[in-house]
Amino acid sequence: MTPKPTGGAQGTEDPNQYMADVHCRTDSPDTRDPGCNTLDCPAKTPGGQEGTPVIWKQAPKAFTNPGWTDWIPITGPTCLYDPQPENVLANIAARILTDFRQLPVNPGTLQTQPAPNTLKGGPTNFYTTTGEQTFNLTILGQNVHLTATPTSYTYTYGDGTTLGPTPSPGQPLPQTQWLTTNTRTSHTYTQTGNYQTTLTTTFTGTYTVNNGPPLPINGTLDITTPPTTIHVWKTQKTLVADTCQQNPNSWGCPGATR
């Protein structure tokens with residue numbers, strides 16, 4: 001059986017390609033490996049199919065006919081469960097993006113400071129709370145460990161203005177800086193009103209098959225949060241004779257009737 005390599009996604013920095021080389025073949029010198037006599041790949045379920053020992057191999061993508069070497073850190077044989085184990089990586093790669101986009105990845109929550117009310121003409125700080133997430137799947141009978149990593153964010157401020165994609169998730173500010181500090185993700189509204197704001201987080205993914213090498217997913221997952229309403233108010237100034245403690249009905253006080 002001739003093993004088939006699988007390559008990484010376009011734009012990734014991994015210089016290698018990988019394959020699962022069927023171990024202990026009768027036509028292979030690795031039959032001299034003592035592991036050929038010790039590795040057992042029993043069926044996972046009663047009456048199920050036994051696995052096949054394989055060795056994970058790697059080679060540079062830059063070469064047409066590369067020399068394959070054992071992938072580190074796993075140098076011994078491991079098990080794959082498929083009638084054609086040499087095709088497992090290619091078959092999983094053909095569908096992994098679909099599986100990735102069906103996962104319940106948490107996009108995080110769009111936060112604003114101040115909230116839910118802010119002021120016209122002053123900076124409103126936007127940020128999100130999300131992070132790397134992992135999932136354990138079974139695909140084509142193999143154990144697949146998938147990692148989803150947020151890599152960029154697009155903020156929609158609701159007034160026709162957007163920011164992104166940007167690598168910055170933003171960050172919270174102390175309350176004393178809310179209306180005075182511009183951050184990389186803050187926004188200043190020029191008109192009063194109620195605005196529907198959203199955040200779209202872009203995730204990239206990597207996965208491993210039966211503890212094999214980390215492989216990039218060729219594609220991304222974009223998730224948009226439900227709209228959050230932010231109310232933009234304006235400020236007014238006037239001269240008053242009393243403080244709110246002295247006269248709760250004074251202009252601008254919480255207890256004022258006008």
# chains A, B, ... in the order shown; residues from 1 in each chain; ligands from 1

call {"tool": "closest_atom_pairs", "arguments": {"of": "stretch 122-175 of chain A", "to": "stretch 186-209 of chain A", "cutoff": "7 Å", "atoms": "only C-alpha atoms", "output": "JSON lines"}}
result
{"residue": "A:Gly122", "atom": "CA", "partner": "A:Thr188", "partner_atom": "CA", "distance": 5.5}
{"residue": "A:Pro123", "atom": "CA", "partner": "A:Thr188", "partner_atom": "CA", "distance": 4.6}
{"residue": "A:Thr124", "atom": "CA", "partner": "A:His187", "partner_atom": "CA", "distance": 5.3}
{"residue": "A:Asn125", "atom": "CA", "partner": "A:Ser186", "partner_atom": "CA", "distance": 4.2}
{"residue": "A:Phe126", "atom": "CA", "partner": "A:Ser186", "partner_atom": "CA", "distance": 5.3}
{"residue": "A:Gln142", "atom": "CA", "partner": "A:Val209", "partner_atom": "CA", "distance": 6.5}
{"residue": "A:Asn143", "atom": "CA", "partner": "A:Val209", "partner_atom": "CA", "distance": 5.8}
{"residue": "A:Val144", "atom": "CA", "partner": "A:Val209", "partner_atom": "CA", "distance": 4.7}
{"residue": "A:His145", "atom": "CA", "partner": "A:Thr208", "partner_atom": "CA", "distance": 5.3}
{"residue": "A:Leu146", "atom": "CA", "partner": "A:Tyr207", "partner_atom": "CA", "distance": 4.2}
{"residue": "A:Thr147", "atom": "CA", "partner": "A:Thr206", "partner_atom": "CA", "distance": 5.4}
{"residue": "A:Ala148", "atom": "CA", "partner": "A:Gly205", "partner_atom": "CA", "distance": 4.6}
{"residue": "A:Thr149", "atom": "CA", "partner": "A:Phe203", "partner_atom": "CA", "distance": 5.2}
{"residue": "A:Pro150", "atom": "CA", "partner": "A:Phe203", "partner_atom": "CA", "distance": 4.3}
{"residue": "A:Thr151", "atom": "CA", "partner": "A:Phe203", "partner_atom": "CA", "distance": 5.7}
{"residue": "A:Ser152", "atom": "CA", "partner": "A:Thr202", "partner_atom": "CA", "distance": 5.3}
{"residue": "A:Tyr153", "atom": "CA", "partner": "A:Thr201", "partner_atom": "CA", "distance": 4.7}
{"residue": "A:Thr154", "atom": "CA", "partner": "A:Thr200", "partner_atom": "CA", "distance": 5.1}
{"residue": "A:Tyr155", "atom": "CA", "partner": "A:Leu199", "partner_atom": "CA", "distance": 4.8}
{"residue": "A:Thr156", "atom": "CA", "partner": "A:Thr198", "partner_atom": "CA", "distance": 5.2}
{"residue": "A:Tyr157", "atom": "CA", "partner": "A:Thr197", "partner_atom": "CA", "distance": 4.8}
{"residue": "A:Gly158", "atom": "CA", "partner": "A:Gln196", "partner_atom": "CA", "distance": 4.8}
{"residue": "A:Asp159", "atom": "CA", "partner": "A:Tyr195", "partner_atom": "CA", "distance": 6.5}

call {"tool": "write_last_selection", "arguments": {"atoms": "N, CA and C atoms", "output": "PDB file, in the first residue's frame"}}
result
ATOM      1  N   GLY A 122     -18.053  61.329  22.920  1.00  0.00           N
ATOM      2  CA  GLY A 122     -17.034  60.748  23.792  1.00  0.00           C
ATOM      3  C   GLY A 122     -16.695  59.335  23.362  1.00  0.00           C
ATOM      4  N   PRO A 123     -15.502  58.853  23.640  1.00  0.00           N
ATOM      5  CA  PRO A 123     -15.131  57.494  23.226  1.00  0.00           C
ATOM      6  C   PRO A 123     -15.908  56.439  24.010  1.00  0.00           C
ATOM      7  N   THR A 124     -16.384  55.430  23.290  1.00  0.00           N
ATOM      8  CA  THR A 124     -17.017  54.265  23.902  1.00  0.00           C
ATOM      9  C   THR A 124     -16.107  53.072  23.654  1.00  0.00           C
ATOM     10  N   ASN A 125     -15.703  52.417  24.711  1.00  0.00           N
ATOM     11  CA  ASN A 125     -14.751  51.315  24.596  1.00  0.00           C
ATOM     12  C   ASN A 125     -15.486  50.010  24.310  1.00  0.00           C
ATOM     13  N   PHE A 126     -15.053  49.316  23.258  1.00  0.00           N
ATOM     14  CA  PHE A 126     -15.600  48.007  22.893  1.00  0.00           C
ATOM     15  C   PHE A 126     -14.507  46.950  23.070  1.00  0.00           C
ATOM     16  N   GLN A 142     -11.840   7.717  13.626  1.00  0.00           N
ATOM     17  CA  GLN A 142     -10.577   8.139  14.224  1.00  0.00           C
ATOM     18  C   GLN A 142     -10.845   9.177  15.320  1.00  0.00           C
ATOM     19  N   ASN A 143      -9.949   9.203  16.309  1.00  0.00           N
ATOM     20  CA  ASN A 143     -10.022  10.214  17.358  1.00  0.00           C
ATOM     21  C   ASN A 143      -9.374  11.499  16.855  1.00  0.00           C
ATOM     22  N   VAL A 144     -10.178  12.537  16.757  1.00  0.00           N
ATOM     23  CA  VAL A 144      -9.700  13.816  16.236  1.00  0.00           C
ATOM     24  C   VAL A 144      -9.800  14.861  17.341  1.00  0.00           C
ATOM     25  N   HIS A 145      -8.692  15.505  17.624  1.00  0.00           N
ATOM     26  CA  HIS A 145      -8.648  16.592  18.604  1.00  0.00           C
ATOM     27  C   HIS A 145      -8.506  17.900  17.835  1.00  0.00           C
ATOM     28  N   LEU A 146      -9.493  18.779  17.958  1.00  0.00           N
ATOM     29  CA  LEU A 146      -9.540  20.015  17.174  1.00  0.00           C
ATOM     30  C   LEU A 146      -9.408  21.222  18.089  1.00  0.00           C
ATOM     31  N   THR A 147      -8.611  22.178  17.660  1.00  0.00           N
ATOM     32  CA  THR A 147      -8.405  23.419  18.411  1.00  0.00           C
ATOM     33  C   THR A 147      -8.866  24.602  17.569  1.00  0.00           C
ATOM     34  N   ALA A 148      -9.780  25.413  18.121  1.00  0.00           N
ATOM     35  CA  ALA A 148     -10.265  26.625  17.456  1.00  0.00           C
ATOM     36  C   ALA A 148      -9.651  27.838  18.146  1.00  0.00           C
ATOM     37  N   THR A 149      -8.991  28.690  17.357  1.00  0.00           N
ATOM     38  CA  THR A 149      -8.275  29.837  17.910  1.00  0.00           C
ATOM     39  C   THR A 149      -8.797  31.128  17.302  1.00  0.00           C
ATOM     40  N   PRO A 150      -9.261  32.092  18.123  1.00  0.00           N
ATOM     41  CA  PRO A 150      -9.687  33.383  17.562  1.00  0.00           C
ATOM     42  C   PRO A 150      -8.483  34.162  17.055  1.00  0.00           C
ATOM     43  N   THR A 151      -8.590  34.648  15.830  1.00  0.00           N
ATOM     44  CA  THR A 151      -7.443  35.336  15.224  1.00  0.00           C
ATOM     45  C   THR A 151      -7.752  36.763  14.786  1.00  0.00           C
ATOM     46  N   SER A 152      -9.011  37.087  14.539  1.00  0.00           N
ATOM     47  CA  SER A 152      -9.337  38.462  14.153  1.00  0.00           C
ATOM     48  C   SER A 152     -10.781  38.776  14.527  1.00  0.00           C
ATOM     49  N   TYR A 153     -11.062  40.076  14.592  1.00  0.00           N
ATOM     50  CA  TYR A 153     -12.365  40.543  15.079  1.00  0.00           C
ATOM     51  C   TYR A 153     -12.841  41.696  14.201  1.00  0.00           C
ATOM     52  N   THR A 154     -14.139  41.734  13.944  1.00  0.00           N
ATOM     53  CA  THR A 154     -14.750  42.834  13.198  1.00  0.00           C
ATOM     54  C   THR A 154     -15.876  43.414  14.044  1.00  0.00           C
ATOM     55  N   TYR A 155     -15.739  44.684  14.381  1.00  0.00           N
ATOM     56  CA  TYR A 155     -16.725  45.374  15.201  1.00  0.00           C
ATOM     57  C   TYR A 155     -17.653  46.176  14.295  1.00  0.00           C
ATOM     58  N   THR A 156     -18.941  45.994  14.486  1.00  0.00           N
ATOM     59  CA  THR A 156     -19.944  46.778  13.765  1.00  0.00           C
ATOM     60  C   THR A 156     -20.638  47.669  14.785  1.00  0.00           C
ATOM     61  N   TYR A 157     -20.480  48.982  14.633  1.00  0.00           N
ATOM     62  CA  TYR A 157     -20.919  49.915  15.668  1.00  0.00           C
ATOM     63  C   TYR A 157     -22.366  50.371  15.519  1.00  0.00           C
ATOM     64  N   GLY A 158     -23.006  50.013  14.421  1.00  0.00           N
ATOM     65  CA  GLY A 158     -24.424  50.301  14.275  1.00  0.00           C
ATOM     66  C   GLY A 158     -24.762  51.618  13.623  1.00  0.00           C
ATOM     67  N   ASP A 159     -23.791  52.487  13.440  1.00  0.00           N
ATOM     68  CA  ASP A 159     -24.034  53.781  12.807  1.00  0.00           C
ATOM     69  C   ASP A 159     -23.439  53.837  11.409  1.00  0.00           C
TER      70      ASP A 159
END

call {"tool": "residues_around", "arguments": {"residues": "stretch 54-68 of chain A", "least_positions_apart": "5", "cutoff": "6 Å", "atoms": "only C-alpha atoms", "output": "list in words"}}
result
Pro15, Asn16, Gln17, Tyr18, Met19, Ala20, Asp21, Val22, His23, Pro77, Thr78 and Cys79 of chain A

call {"tool": "write_last_selection", "arguments": {"atoms": "N, CA, C and O atoms", "output": "short mmCIF file (atom, residue, chain, number, x, y, z; two decimals), in the first residue's frame"}}
result
data_model
loop_
_atom_site.label_atom_id
_atom_site.label_comp_id
_atom_site.auth_asym_id
_atom_site.auth_seq_id
_atom_site.Cartn_x
_atom_site.Cartn_y
_atom_site.Cartn_z
N PRO A 15 6.09 24.35 7.49
CA PRO A 15 6.79 24.03 6.25
C PRO A 15 6.69 22.57 5.85
O PRO A 15 7.19 22.19 4.80
N ASN A 16 6.04 21.76 6.69
CA ASN A 16 6.03 20.32 6.45
C ASN A 16 4.70 19.80 5.94
O ASN A 16 3.65 20.43 6.12
N GLN A 17 4.75 18.64 5.32
CA GLN A 17 3.58 17.85 4.99
C GLN A 17 3.69 16.53 5.76
O GLN A 17 4.79 16.16 6.20
N TYR A 18 2.56 15.86 5.92
CA TYR A 18 2.54 14.68 6.78
C TYR A 18 1.83 13.52 6.08
O TYR A 18 1.00 13.71 5.20
N MET A 19 2.14 12.31 6.55
CA MET A 19 1.43 11.14 6.07
C MET A 19 1.49 10.05 7.14
O MET A 19 2.34 10.06 8.03
N ALA A 20 0.55 9.11 7.03
CA ALA A 20 0.54 7.93 7.89
C ALA A 20 1.09 6.77 7.08
O ALA A 20 0.44 6.28 6.15
N ASP A 21 2.30 6.34 7.40
CA ASP A 21 2.96 5.26 6.67
C ASP A 21 2.61 3.94 7.34
O ASP A 21 2.87 3.75 8.53
N VAL A 22 2.00 3.03 6.58
CA VAL A 22 1.61 1.73 7.13
C VAL A 22 2.85 1.01 7.66
O VAL A 22 3.84 0.83 6.94
N HIS A 23 2.79 0.62 8.91
CA HIS A 23 3.95 0.06 9.59
C HIS A 23 3.99 -1.46 9.43
O HIS A 23 2.96 -2.12 9.32
N PRO A 77 5.19 3.21 16.35
CA PRO A 77 3.93 2.99 15.64
C PRO A 77 2.72 3.32 16.50
O PRO A 77 2.74 3.18 17.73
N THR A 78 1.67 3.81 15.86
CA THR A 78 0.38 4.03 16.50
C THR A 78 -0.68 3.36 15.63
O THR A 78 -0.38 2.80 14.57
N CYS A 79 -1.92 3.41 16.07
CA CYS A 79 -3.00 2.68 15.39
C CYS A 79 -3.92 3.62 14.63
O CYS A 79 -4.29 4.69 15.13
#

call {"tool": "select_by_dssp", "arguments": {"residues": "stretch 3-251 of chain A", "states": "helix (DSSP H, G or I)", "output": "list of chain:residue names"}}
result
A:Pro29, A:Asp30, A:Thr31, A:Arg32, A:Gly35, A:Cys36, A:Asn37, A:Thr38, A:Pro85, A:Glu86, A:Asn87, A:Val88, A:Leu89, A:Ala90, A:Asn91, A:Ile92, A:Ala93, A:Ile96, A:Leu97, A:Thr98, A:Asp99, A:Phe100, A:Arg101, A:Gln175, A:Thr176, A:Gln177

call {"tool": "residues_around", "arguments": {"residues": "stretch 111-113 of chain A", "least_positions_apart": "4", "cutoff": "9 Å", "atoms": "only C-alpha atoms", "output": "ChimeraX atom specification"}}
result
/A:117-118,123-129,172-173,175,178-179,186,228,230

call {"tool": "closest_atom_pairs", "arguments": {"of": "stretch 161-245 of chain A", "to": "stretch 82-102 of chain A", "cutoff": "8 Å", "atoms": "only C-alpha atoms", "output": "CSV"}}
result
residue,atom,partner,partner_atom,distance
A:Gly205,CA,A:Phe100,CA,7.6
A:Val209,CA,A:Leu89,CA,7.7
A:Ile217,CA,A:Leu97,CA,6.3
A:Asn218,CA,A:Leu97,CA,6.9
A:Gly219,CA,A:Leu97,CA,6.4
A:Thr220,CA,A:Leu97,CA,7.8
A:Leu221,CA,A:Arg101,CA,5.8

call {"tool": "closest_residue", "arguments": {"among": "A:Gly212, A:Pro46, A:Gly170, A:Gly51", "to": "A:Thr109", "atoms": "only C-alpha atoms"}}
result
A:Gly170

call {"tool": "select_by_dssp", "arguments": {"residues": "stretch 53-193 of chain A", "states": "strand (DSSP E or B)", "output": "PyMOL selection string"}}
result
chain A and resi 53-60+69-70+78-80+109-113+117-119+123-129+133-139+142-156+162-166+187-188+193

call {"tool": "atom_distance", "arguments": {"atom1": "atom CA of A:Gly131", "atom2": "atom CA of A:Pro226"}}
result
18.1 Å

call {"tool": "atom_distance", "arguments": {"atom1": "atom CA of A:Leu103", "atom2": "atom CA of A:Phe135"}}
result
8.2 Å

call {"tool": "atom_distance", "arguments": {"atom1": "atom CA of A:Gln246", "atom2": "atom CA of A:Ala115"}}
result
29.3 Å

call {"tool": "closest_residue", "arguments": {"among": "A:Asn182, A:Gln171, A:Asn106, A:Thr166", "to": "A:Ile223", "atoms": "only C-alpha atoms"}}
result
A:Asn106
